[in-house]
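Here is target.txt, consisting of compact mmCIF, C-alpha atoms and all ligand atoms:
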```
# COMPACT_ATOMS: atom_id res chain seq x y z
CA MET D 1 90.50 126.83 -16.44
CA SER D 2 91.92 123.34 -16.08
CA ALA D 3 89.66 120.33 -15.58
CA PRO D 4 89.59 118.83 -12.08
CA ALA D 5 91.37 115.54 -11.42
CA VAL D 6 88.09 113.87 -10.52
CA ALA D 7 84.72 114.86 -11.92
CA THR D 8 81.90 113.37 -9.89
CA GLY D 9 78.91 114.44 -11.94
CA ARG D 10 77.08 113.32 -15.03
CA THR D 11 76.39 115.18 -18.26
CA LEU D 12 73.49 117.62 -18.15
CA VAL D 13 71.69 117.83 -21.47
CA VAL D 14 69.01 120.45 -22.10
CA GLU D 15 67.27 119.63 -25.37
CA ALA D 16 64.93 121.97 -27.30
CA LEU D 17 63.54 123.41 -24.08
CA SER D 18 60.69 125.91 -24.18
CA ALA D 19 59.19 127.52 -21.09
CA GLY D 20 57.50 130.67 -19.85
CA TYR D 21 55.02 132.16 -17.42
CA GLY D 22 51.26 132.12 -18.00
CA ASP D 23 50.79 132.71 -21.73
CA THR D 24 54.14 134.37 -22.19
CA GLN D 25 56.88 132.26 -23.71
CA VAL D 26 60.37 133.16 -22.46
CA LEU D 27 62.60 130.30 -23.66
CA TRP D 28 62.52 129.01 -27.24
CA ASP D 29 64.11 125.68 -28.15
CA VAL D 30 67.10 126.03 -25.85
CA THR D 31 69.71 123.30 -26.26
CA LEU D 32 72.87 123.09 -24.20
CA ARG D 33 75.10 120.61 -22.38
CA ILE D 34 77.45 120.62 -19.43
CA ASP D 35 79.93 117.77 -19.21
CA PRO D 36 81.27 116.43 -15.90
CA GLY D 37 83.96 118.72 -14.53
CA GLU D 38 83.18 121.65 -16.81
CA ILE D 39 82.63 125.28 -15.94
CA VAL D 40 80.19 126.64 -18.51
CA ALA D 41 79.02 130.27 -18.71
CA LEU D 42 75.60 131.49 -19.77
CA ILE D 43 75.59 135.12 -20.77
CA GLY D 44 72.88 137.45 -22.04
CA SER D 45 71.26 140.82 -21.45
CA ASN D 46 68.64 141.67 -18.83
CA CYS D 47 65.45 139.68 -19.29
CA ALA D 48 67.02 137.32 -21.85
CA GLY D 49 65.68 134.39 -19.82
CA LYS D 50 68.83 133.25 -18.02
CA SER D 51 67.19 132.84 -14.60
CA THR D 52 64.17 131.23 -16.24
CA LEU D 53 66.48 128.64 -17.81
CA LEU D 54 68.11 127.89 -14.44
CA GLY D 55 64.62 127.66 -12.95
CA ALA D 56 63.54 125.19 -15.62
CA ILE D 57 66.62 123.02 -14.95
CA SER D 58 66.02 123.06 -11.20
CA GLY D 59 62.30 122.42 -11.52
CA VAL D 60 60.93 125.69 -10.16
CA VAL D 61 59.80 126.86 -13.61
CA LYS D 62 57.53 124.50 -15.53
CA THR D 63 58.90 123.21 -18.84
CA TRP D 64 56.46 123.56 -21.77
CA SER D 65 58.32 121.26 -24.14
CA GLY D 66 61.74 119.75 -24.60
CA SER D 67 63.73 117.96 -21.92
CA VAL D 68 66.39 118.17 -19.24
CA CYS D 69 68.41 115.02 -18.58
CA TYR D 70 71.19 114.41 -16.08
CA GLY D 71 73.09 111.36 -17.20
CA ASP D 72 70.40 108.75 -17.80
CA GLN D 73 67.97 110.44 -15.41
CA THR D 74 65.21 112.64 -16.84
CA LEU D 75 64.75 115.74 -14.69
CA THR D 76 61.93 117.28 -16.74
CA GLY D 77 58.76 117.47 -14.65
CA LEU D 78 60.42 116.37 -11.39
CA GLU D 79 59.74 118.35 -8.21
CA PRO D 80 62.64 120.65 -7.20
CA ASP D 81 63.57 118.49 -4.18
CA ARG D 82 64.04 115.46 -6.44
CA ILE D 83 66.36 117.50 -8.65
CA VAL D 84 68.37 118.54 -5.59
CA ARG D 85 68.62 114.87 -4.61
CA ALA D 86 69.91 114.13 -8.11
CA GLY D 87 72.84 116.46 -7.33
CA VAL D 88 71.81 119.57 -9.27
CA LEU D 89 71.67 122.63 -6.99
CA GLN D 90 71.06 126.28 -7.62
CA VAL D 91 72.51 129.36 -5.94
CA PRO D 92 69.67 131.75 -6.78
CA GLN D 93 69.88 135.31 -8.02
CA GLY D 94 69.50 137.63 -5.02
CA ARG D 95 70.80 134.85 -2.71
CA ARG D 96 67.42 134.21 -1.01
CA LEU D 97 68.90 133.63 2.41
CA PHE D 98 66.83 133.28 5.55
CA GLY D 99 67.75 136.73 6.84
CA SER D 100 66.40 136.21 10.34
CA LEU D 101 68.30 132.94 10.79
CA THR D 102 71.97 132.68 11.68
CA VAL D 103 74.73 131.69 9.28
CA GLU D 104 74.85 128.27 10.94
CA GLU D 105 71.09 127.79 10.57
CA ASN D 106 71.22 128.82 6.92
CA LEU D 107 74.00 126.32 6.25
CA ARG D 108 72.13 123.53 8.04
CA MET D 109 69.03 124.34 5.96
CA GLY D 110 71.13 123.45 2.93
CA ALA D 111 71.39 119.89 4.22
CA TYR D 112 67.69 119.43 5.05
CA LEU D 113 67.16 116.74 2.41
CA ARG D 114 70.17 114.70 3.49
CA THR D 115 69.83 111.54 5.51
CA ASP D 116 73.52 110.55 5.55
CA ARG D 117 75.81 110.98 8.55
CA ASP D 118 78.34 113.27 6.91
CA VAL D 119 76.61 116.59 7.55
CA GLU D 120 78.97 117.58 10.40
CA PRO D 121 82.19 116.77 8.54
CA ASP D 122 80.85 118.57 5.47
CA LEU D 123 80.04 121.63 7.56
CA GLU D 124 83.63 121.60 8.88
CA ARG D 125 85.05 121.21 5.37
CA ILE D 126 82.95 124.08 4.02
CA LEU D 127 83.87 126.35 6.95
CA GLY D 128 87.49 125.47 6.21
CA LEU D 129 86.93 126.75 2.68
CA LEU D 130 85.18 129.89 3.97
CA PRO D 131 86.85 130.99 7.23
CA ARG D 132 84.91 134.26 7.20
CA LEU D 133 81.70 132.31 7.77
CA ARG D 134 83.18 130.64 10.82
CA GLU D 135 83.80 134.11 12.26
CA ARG D 136 80.22 135.08 11.44
CA TYR D 137 78.68 131.73 12.44
CA ASP D 138 76.21 133.14 14.99
CA TYR D 139 75.34 136.30 13.10
CA LEU D 140 71.95 136.75 11.47
CA ALA D 141 72.39 136.29 7.73
CA GLY D 142 70.40 139.45 7.04
CA ARG D 143 73.02 141.50 8.89
CA LEU D 144 75.97 140.37 6.79
CA SER D 145 77.60 142.33 3.97
CA GLY D 146 76.69 141.48 0.38
CA GLY D 147 79.90 139.53 -0.17
CA GLU D 148 79.42 137.53 3.03
CA GLN D 149 75.80 136.80 2.10
CA GLN D 150 76.91 135.48 -1.27
CA GLN D 151 79.38 133.21 0.53
CA VAL D 152 76.54 131.92 2.71
CA ALA D 153 74.42 131.26 -0.38
CA ILE D 154 77.20 129.25 -2.01
CA ALA D 155 78.03 127.42 1.22
CA ARG D 156 74.37 126.55 1.74
CA ALA D 157 74.24 125.01 -1.73
CA LEU D 158 77.45 123.07 -0.99
CA MET D 159 75.74 121.59 2.09
CA GLY D 160 73.35 119.89 -0.35
CA ARG D 161 76.30 118.00 -1.88
CA PRO D 162 76.02 119.24 -5.48
CA GLN D 163 77.54 117.49 -8.46
CA LEU D 164 76.39 120.36 -10.65
CA LEU D 165 76.08 123.88 -9.26
CA LEU D 166 73.97 126.50 -11.07
CA ILE D 167 75.07 129.97 -9.95
CA ASP D 168 72.92 132.95 -10.87
CA GLU D 169 74.42 136.46 -10.86
CA MET D 170 76.96 135.81 -8.17
CA SER D 171 78.81 139.10 -8.66
CA LEU D 172 75.83 141.46 -8.85
CA GLY D 173 76.40 144.54 -6.71
CA LEU D 174 79.75 143.37 -5.34
CA ALA D 175 83.08 145.19 -5.48
CA PRO D 176 85.66 143.69 -7.89
CA VAL D 177 87.90 142.50 -5.04
CA LEU D 178 85.00 140.48 -3.60
CA VAL D 179 84.16 139.08 -7.03
CA ASP D 180 87.78 137.93 -7.37
CA SER D 181 87.62 136.08 -4.05
CA LEU D 182 84.31 134.41 -5.00
CA ILE D 183 85.79 133.33 -8.34
CA ALA D 184 88.74 131.82 -6.45
CA LEU D 185 86.21 129.99 -4.28
CA LEU D 186 84.44 128.63 -7.37
CA GLU D 187 87.76 127.38 -8.68
CA GLN D 188 88.35 125.54 -5.40
CA ILE D 189 84.87 124.01 -5.57
CA HIS D 190 85.48 123.05 -9.19
CA GLN D 191 88.72 121.33 -8.22
CA THR D 192 86.73 119.02 -5.94
CA GLY D 193 84.97 117.68 -9.05
CA VAL D 194 81.80 119.80 -9.08
CA SER D 195 80.59 121.04 -12.50
CA ILE D 196 79.40 124.63 -12.62
CA LEU D 197 77.01 126.64 -14.79
CA ILE D 198 77.70 130.30 -14.14
CA VAL D 199 75.19 132.98 -15.17
CA GLU D 200 76.76 136.42 -15.10
CA GLN D 201 76.21 139.97 -16.21
CA ASP D 202 79.94 140.39 -15.65
CA VAL D 203 80.63 138.77 -19.01
CA GLN D 204 84.39 139.26 -18.92
CA THR D 205 84.67 137.39 -15.62
CA ALA D 206 82.29 134.65 -16.73
CA LEU D 207 84.25 134.03 -19.93
CA GLU D 208 87.57 134.06 -18.11
CA VAL D 209 86.56 131.45 -15.56
CA SER D 210 84.67 129.11 -17.92
CA SER D 211 85.89 126.77 -20.63
CA ARG D 212 82.76 127.07 -22.81
CA ALA D 213 79.90 129.51 -23.02
CA TYR D 214 76.44 130.07 -24.46
CA VAL D 215 74.87 133.40 -25.38
CA LEU D 216 71.14 133.68 -24.71
CA GLU D 217 69.26 136.46 -26.53
CA THR D 218 65.52 136.96 -25.98
CA GLY D 219 65.13 133.34 -24.99
CA ARG D 220 67.18 131.76 -27.75
CA ILE D 221 70.76 130.49 -27.80
CA THR D 222 72.39 132.58 -30.53
CA LEU D 223 76.05 131.71 -30.07
CA SER D 224 78.14 129.12 -28.27
CA GLY D 225 81.73 127.93 -28.20
CA PRO D 226 84.98 127.93 -26.25
CA SER D 227 85.02 130.93 -23.90
CA ALA D 228 88.41 132.07 -25.18
CA GLU D 229 86.93 132.35 -28.69
CA LEU D 230 83.86 134.21 -27.46
CA LEU D 231 86.11 136.70 -25.66
CA ASP D 232 87.54 137.50 -29.10
CA ASP D 233 84.24 137.42 -30.97
CA PRO D 234 83.42 140.87 -32.45
CA GLN D 235 79.69 140.42 -31.75
CA VAL D 236 80.30 139.49 -28.10
CA LYS D 237 82.83 142.29 -27.69
CA LYS D 238 80.39 144.87 -29.03
CA ALA D 239 77.26 143.63 -27.21
CA TYR D 240 78.66 142.52 -23.85
CA LEU D 241 82.20 143.72 -23.31
CA GLY D 242 81.77 147.33 -24.41
CA VAL D 243 84.85 147.28 -26.68
N1 LIG P 1 57.86 134.72 -12.08
C1 LIG P 1 57.67 135.34 -13.25
N2 LIG P 1 56.43 135.58 -13.71
C2 LIG P 1 56.23 136.21 -14.90
N3 LIG P 1 57.23 136.63 -15.71
C3 LIG P 1 58.48 136.43 -15.30
C4 LIG P 1 58.78 135.78 -14.05
N4 LIG P 1 60.13 135.72 -13.92
C5 LIG P 1 60.63 136.29 -15.02
N5 LIG P 1 59.66 136.72 -15.85
C6 LIG P 1 59.85 137.37 -17.17
O1 LIG P 1 60.59 136.48 -17.99
C7 LIG P 1 61.54 137.19 -18.78
C8 LIG P 1 62.93 136.61 -18.54
O2 LIG P 1 63.30 136.86 -17.18
P1 LIG P 1 64.57 136.21 -16.50
O3 LIG P 1 64.53 136.62 -15.07
O4 LIG P 1 64.62 134.79 -16.81
O5 LIG P 1 65.73 136.96 -17.28
P2 LIG P 1 67.27 137.10 -16.92
O6 LIG P 1 68.01 136.88 -18.19
O7 LIG P 1 67.61 136.26 -15.76
O8 LIG P 1 67.35 138.65 -16.54
P3 LIG P 1 68.32 139.40 -15.47
O9 LIG P 1 69.60 139.61 -16.19
O10 LIG P 1 67.60 140.68 -15.21
O11 LIG P 1 68.46 138.54 -14.25
C9 LIG P 1 61.39 138.65 -18.40
O12 LIG P 1 60.61 139.28 -19.36
C10 LIG P 1 60.72 138.61 -17.06
O13 LIG P 1 59.93 139.74 -16.86
MG MG P 2 68.33 136.64 -13.90
```
So, in terms of C-alpha cells, how does the structure I just supplied come out?
Amino acid sequence: MSAPAVATGRTLVVEALSAGYGDTQVLWDVTLRIDPGEIVALIGSNCAGKSTLLGAISGVVKTWSGSVCYGDQTLTGLEPDRIVRAGVLQVPQGRRLFGSLTVEENLRMGAYLRTDRDVEPDLERILGLLPRLRERYDYLAGRLSGGEQQQVAIARALMGRPQLLLIDEMSLGLAPVLVDSLIALLEQIHQTGVSILIVEQDVQTALEVSSRAYVLETGRITLSGPSAELLDDPQVKKAYLGV
C-alpha cells in the first residue's frame, strides 16, 4: 500500500500500556506506534485484547499504566469526546449504529461534536464516496444489510473528521466481495491522508492492506514488522493463515 500524498495526522505512540476490567488484567505492557499516513494492522486470536486496546486508545477503557500520546498531546486519561476532538476516531466492533434512526441521522450523529461550518460539504463528499448510502439515506439503519451497516459505521466516523481511524473487525460476517469493496473504501480514505489502524480476524486481508503489523497474543505484543514479512512468517502462517 503506497503512502498518501498528504498525511494530515500526527504519530500515535502507545507506550507500555496495561489495562483491564475490574481485577482482571487484559493488556500487558503494550507498545506500538502509527506514523502519519500509515495503515497498520493489529492481529490476534479471539480474546487477545484487540478491542480492549482500541478502547484504551479511544478512552472508553481505563488505562492502568503506560501512556497513549498523539503527537505532543497526551491522550491517556482524557474523556472519549476529547480524544475524538483530537482526531482519533473508532469504528467499533459490531458497528453500534442507532438502528431506529435513519442513515442520514446516523451520519449527522457522527458530527455532533463539530462546531465548524463544513458539516454539509463533508456529508456530500462522504456520500460521493459511498453512493449506496445516498440511495439508502432515509432508511432505518437497523434495516440495512450487514455490508451497508458497515458502510454507515465508517461514514459516521468520517463525519467526525478523523486524522487516525481505528477500525475494529470491519469484515466480520461479510461476504468476500463486500470485504473487497470496504477495503477499496479504506484505500480511498487513506489516500485523503487519514492514518488507519485495522483490527481484523481476516489476517490475510489485514496484512495485504497494511504496511506494518503487530501480533497481540493474550494481551502482549509478540511480533511486529512489515506486513509483507509477517505474511511470510512461519509462525504467523501456522497460527493465523492456516497454511
Ligand atoms: N467490558 C468488559 N468487561 C469485562 N471483561 C471484558 C470486557 N470486554 C472484554 N473483556 C474481556 O477481555 C478479554 C479481551 O477481550 P477483547 O474484546 O479485547 O478481545 P479481542 O481480541 O477484541 O477479541 P475478539 O477477537 O473476540 O473481538 C476477554 O477475556 C474478554 O472477555
Ligand atoms: Mg474484538
Enclosing box along x, y and z for every listed atom of stretch 18-32 of chain D, padded 5 Å each side, centre and size in Å, one decimal, as lines of an AutoDock Vina configuration file:
```
center_x = 61.8
center_y = 128.7
center_z = -22.8
size_x = 32.1
size_y = 21.3
size_z = 20.7
```
Any chance you could tabulate, as a tab-separated table, the residues of chain D at most 8 Å from ligand MG 2 (chain P) with each one's nearest atom pair and distance in Å to one decimal, using only C-alpha atoms and all ligand atoms, in chain and rising number order?
```
residue	atom	partner	partner_atom	distance
D:Asn46	CA	P:MG2	MG	7.0
D:Cys47	CA	P:MG2	MG	6.8
D:Gly49	CA	P:MG2	MG	6.9
D:Lys50	CA	P:MG2	MG	5.4
D:Ser51	CA	P:MG2	MG	4.0
D:Thr52	CA	P:MG2	MG	7.2
D:Gln93	CA	P:MG2	MG	6.2
D:Asp168	CA	P:MG2	MG	6.6
D:Glu169	CA	P:MG2	MG	6.8
D:Val199	CA	P:MG2	MG	7.9
```
Please identify every residue of chain D that has at least one atom no farther than 10 Å from an atom of ligand LIG 1 (chain P), counting all atoms listed in the file, and for each give the shortest atom pair and the distance in Å to one decimal, arranged by chain then increasing number, as a tab-separated table.
```
residue	atom	partner	partner_atom	distance
D:Ala19	CA	P:LIG1	O1	9.6
D:Gly20	CA	P:LIG1	O1	6.8
D:Tyr21	CA	P:LIG1	C2	4.9
D:Gly22	CA	P:LIG1	C2	7.1
D:Asp23	CA	P:LIG1	C2	9.4
D:Thr24	CA	P:LIG1	N3	7.5
D:Gln25	CA	P:LIG1	O1	8.0
D:Val26	CA	P:LIG1	O1	5.6
D:Leu27	CA	P:LIG1	C8	8.1
D:Leu42	CA	P:LIG1	O6	9.4
D:Ile43	CA	P:LIG1	O6	8.2
D:Gly44	CA	P:LIG1	O6	6.2
D:Ser45	CA	P:LIG1	O9	5.6
D:Asn46	CA	P:LIG1	O9	3.5
D:Cys47	CA	P:LIG1	O5	3.4
D:Ala48	CA	P:LIG1	O6	3.8
D:Gly49	CA	P:LIG1	O4	3.2
D:Lys50	CA	P:LIG1	O6	3.7
D:Ser51	CA	P:LIG1	O7	3.6
D:Thr52	CA	P:LIG1	O4	3.6
D:Leu53	CA	P:LIG1	O4	6.5
D:Leu54	CA	P:LIG1	O4	8.1
D:Gly55	CA	P:LIG1	O4	8.1
D:Ala56	CA	P:LIG1	O4	9.7
D:Val60	CA	P:LIG1	N1	9.7
D:Val61	CA	P:LIG1	N1	8.2
D:Gln93	CA	P:LIG1	O11	7.2
D:Gly94	CA	P:LIG1	O11	9.3
D:Asp168	CA	P:LIG1	O11	7.9
D:Glu169	CA	P:LIG1	O11	7.2
D:Leu172	CA	P:LIG1	O11	9.6
D:Val199	CA	P:LIG1	O7	8.3
D:Glu200	CA	P:LIG1	O9	7.9
D:Gln201	CA	P:LIG1	O9	6.6
D:Leu216	CA	P:LIG1	O6	7.9
D:Glu217	CA	P:LIG1	O6	8.4
D:Thr218	CA	P:LIG1	C8	7.9
D:Gly219	CA	P:LIG1	C8	7.6
```
Report task. Give me the residues within 10 Å of D:Gln188 as a list of chain:residue names, counting only C-alpha atoms and dropping any in the same chain fewer than 5 places off. Result ->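 Counting only C-alpha atoms, the residues come to D:Pro4, D:Leu129, D:Leu182, D:Ile183, D:Gly193, D:Val194.
The shell of residues at most 7 Å from D:Val68, with only C-alpha atoms counted and near chain neighbours (fewer than 5 positions) removed, consists of D:Val13, D:Val14, D:Glu15, D:Ile57, D:Thr74, D:Leu75, D:Thr76.
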Report task. Tell me which of D:Ser227, D:Ser100, D:Gln235, D:Gln149 sits closest to D:Arg132, counting all atoms listed in the file. Result ->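 Of D:Ser227, D:Ser100, D:Gln235, D:Gln149, the one nearest D:Arg132 is D:Gln149, counting all atoms listed in the file.
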Query raised in the report: Which residue gives the smallest distance to D:Asp202 among D:Ser171, D:Thr63, D:Gln90, D:Gln73, with all atoms listed in the file counted?
Result: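 For D:Asp202, the nearest of the candidates is D:Ser171.
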Report summary line: For D:Gln204, the closest of D:Pro226, D:Gly242, D:Gly87, D:Pro234 counting all atoms listed in the file is D:Gly242
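Between atom CA of D:Val84 and atom CA of D:Trp64 there is a distance of 20.7 Å.
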Query raised in the report: Expressed in Å to a single decimal, how great is the separation between atom CA of D:Arg95 and atom CA of D:Tyr70?
Result: 24.4 Å
Requested in this report: May I ask which of the residues D:Leu12, D:Thr31, D:Ser210, D:Leu123 is the closest one to D:Leu223, counting only C-alpha atoms?
Outcome: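 Smallest separation from D:Leu223 among the options: D:Thr31.
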Query raised in the report: What separation in Å, quoted to one decimal, exists between atom CA of D:Pro36 and atom CA of D:Leu164?
Result: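 Straight-line distance from atom CA of D:Pro36 to atom CA of D:Leu164 works out to 8.2 Å.
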Neighbourhood query: residues within 9 Å of (82.4, 129.8, 6.8), file coordinates, counting only C-alpha atoms; return as a PDB file with C-alpha atoms, keeping the file's coordinate frame.
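Here's the written file point_36.pdb:
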```pdb
ATOM      1  CA  VAL D 103      74.730 131.690   9.280  1.00  0.00           C
ATOM      2  CA  GLU D 104      74.850 128.270  10.940  1.00  0.00           C
ATOM      3  CA  LEU D 123      80.040 121.630   7.560  1.00  0.00           C
ATOM      4  CA  GLU D 124      83.630 121.600   8.880  1.00  0.00           C
ATOM      5  CA  ILE D 126      82.950 124.080   4.020  1.00  0.00           C
ATOM      6  CA  LEU D 127      83.870 126.350   6.950  1.00  0.00           C
ATOM      7  CA  GLY D 128      87.490 125.470   6.210  1.00  0.00           C
ATOM      8  CA  LEU D 129      86.930 126.750   2.680  1.00  0.00           C
ATOM      9  CA  LEU D 130      85.180 129.890   3.970  1.00  0.00           C
ATOM     10  CA  PRO D 131      86.850 130.990   7.230  1.00  0.00           C
ATOM     11  CA  ARG D 132      84.910 134.260   7.200  1.00  0.00           C
ATOM     12  CA  LEU D 133      81.700 132.310   7.770  1.00  0.00           C
ATOM     13  CA  ARG D 134      83.180 130.640  10.820  1.00  0.00           C
ATOM     14  CA  GLU D 135      83.800 134.110  12.260  1.00  0.00           C
ATOM     15  CA  ARG D 136      80.220 135.080  11.440  1.00  0.00           C
ATOM     16  CA  TYR D 137      78.680 131.730  12.440  1.00  0.00           C
ATOM     17  CA  GLN D 151      79.380 133.210   0.530  1.00  0.00           C
ATOM     18  CA  VAL D 152      76.540 131.920   2.710  1.00  0.00           C
ATOM     19  CA  ALA D 155      78.030 127.420   1.220  1.00  0.00           C
TER      20      ALA D 155
END
```
Report task. Give me the residues within 8 Å of D:Gly147 as a VMD selection string, counting all atoms listed in the file and dropping any in the same chain fewer than 3 places off. Result -> chain D and resid 150 to 151 174 178
Query - Shell around stretch 112-114 of chain D at 10 Å using all atoms listed in the file, local window under 2 positions removed, as an MDAnalysis selection string - result: chainID D and resid 81:82 84:85 107:110 116:119 159:161
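When all atoms listed in the file are used to compute distances to D:Ile83, the closest of the residues D:Gln163, D:Ser211, D:Lys237, D:Asn106 turns out to be D:Gln163.
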Query - Spatial neighbours of D:Asp35, max dist 8 Å, all atoms listed in the file, sep filter under 6 positions, as a list in words - result: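 Neighbouring residues, sequence-local ones excluded: Arg10, Thr11, Leu12 and Ser195 of chain D.
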Since we have the selection now, will you write its residues out, keeping C-alpha atoms, as a PDB file, in the coordinates of the input?
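Here's the written file out-v5.pdb:
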```pdb
ATOM      1  CA  ARG D  10      77.080 113.320 -15.030  1.00  0.00           C
ATOM      2  CA  THR D  11      76.390 115.180 -18.260  1.00  0.00           C
ATOM      3  CA  LEU D  12      73.490 117.620 -18.150  1.00  0.00           C
ATOM      4  CA  SER D 195      80.590 121.040 -12.500  1.00  0.00           C
TER       5      SER D 195
END
```
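Comparing D:Glu208, D:Ala153, D:Ala175, D:Gly77 by their smallest distance to D:Glu187, the closest is D:Glu208 (using only C-alpha atoms).
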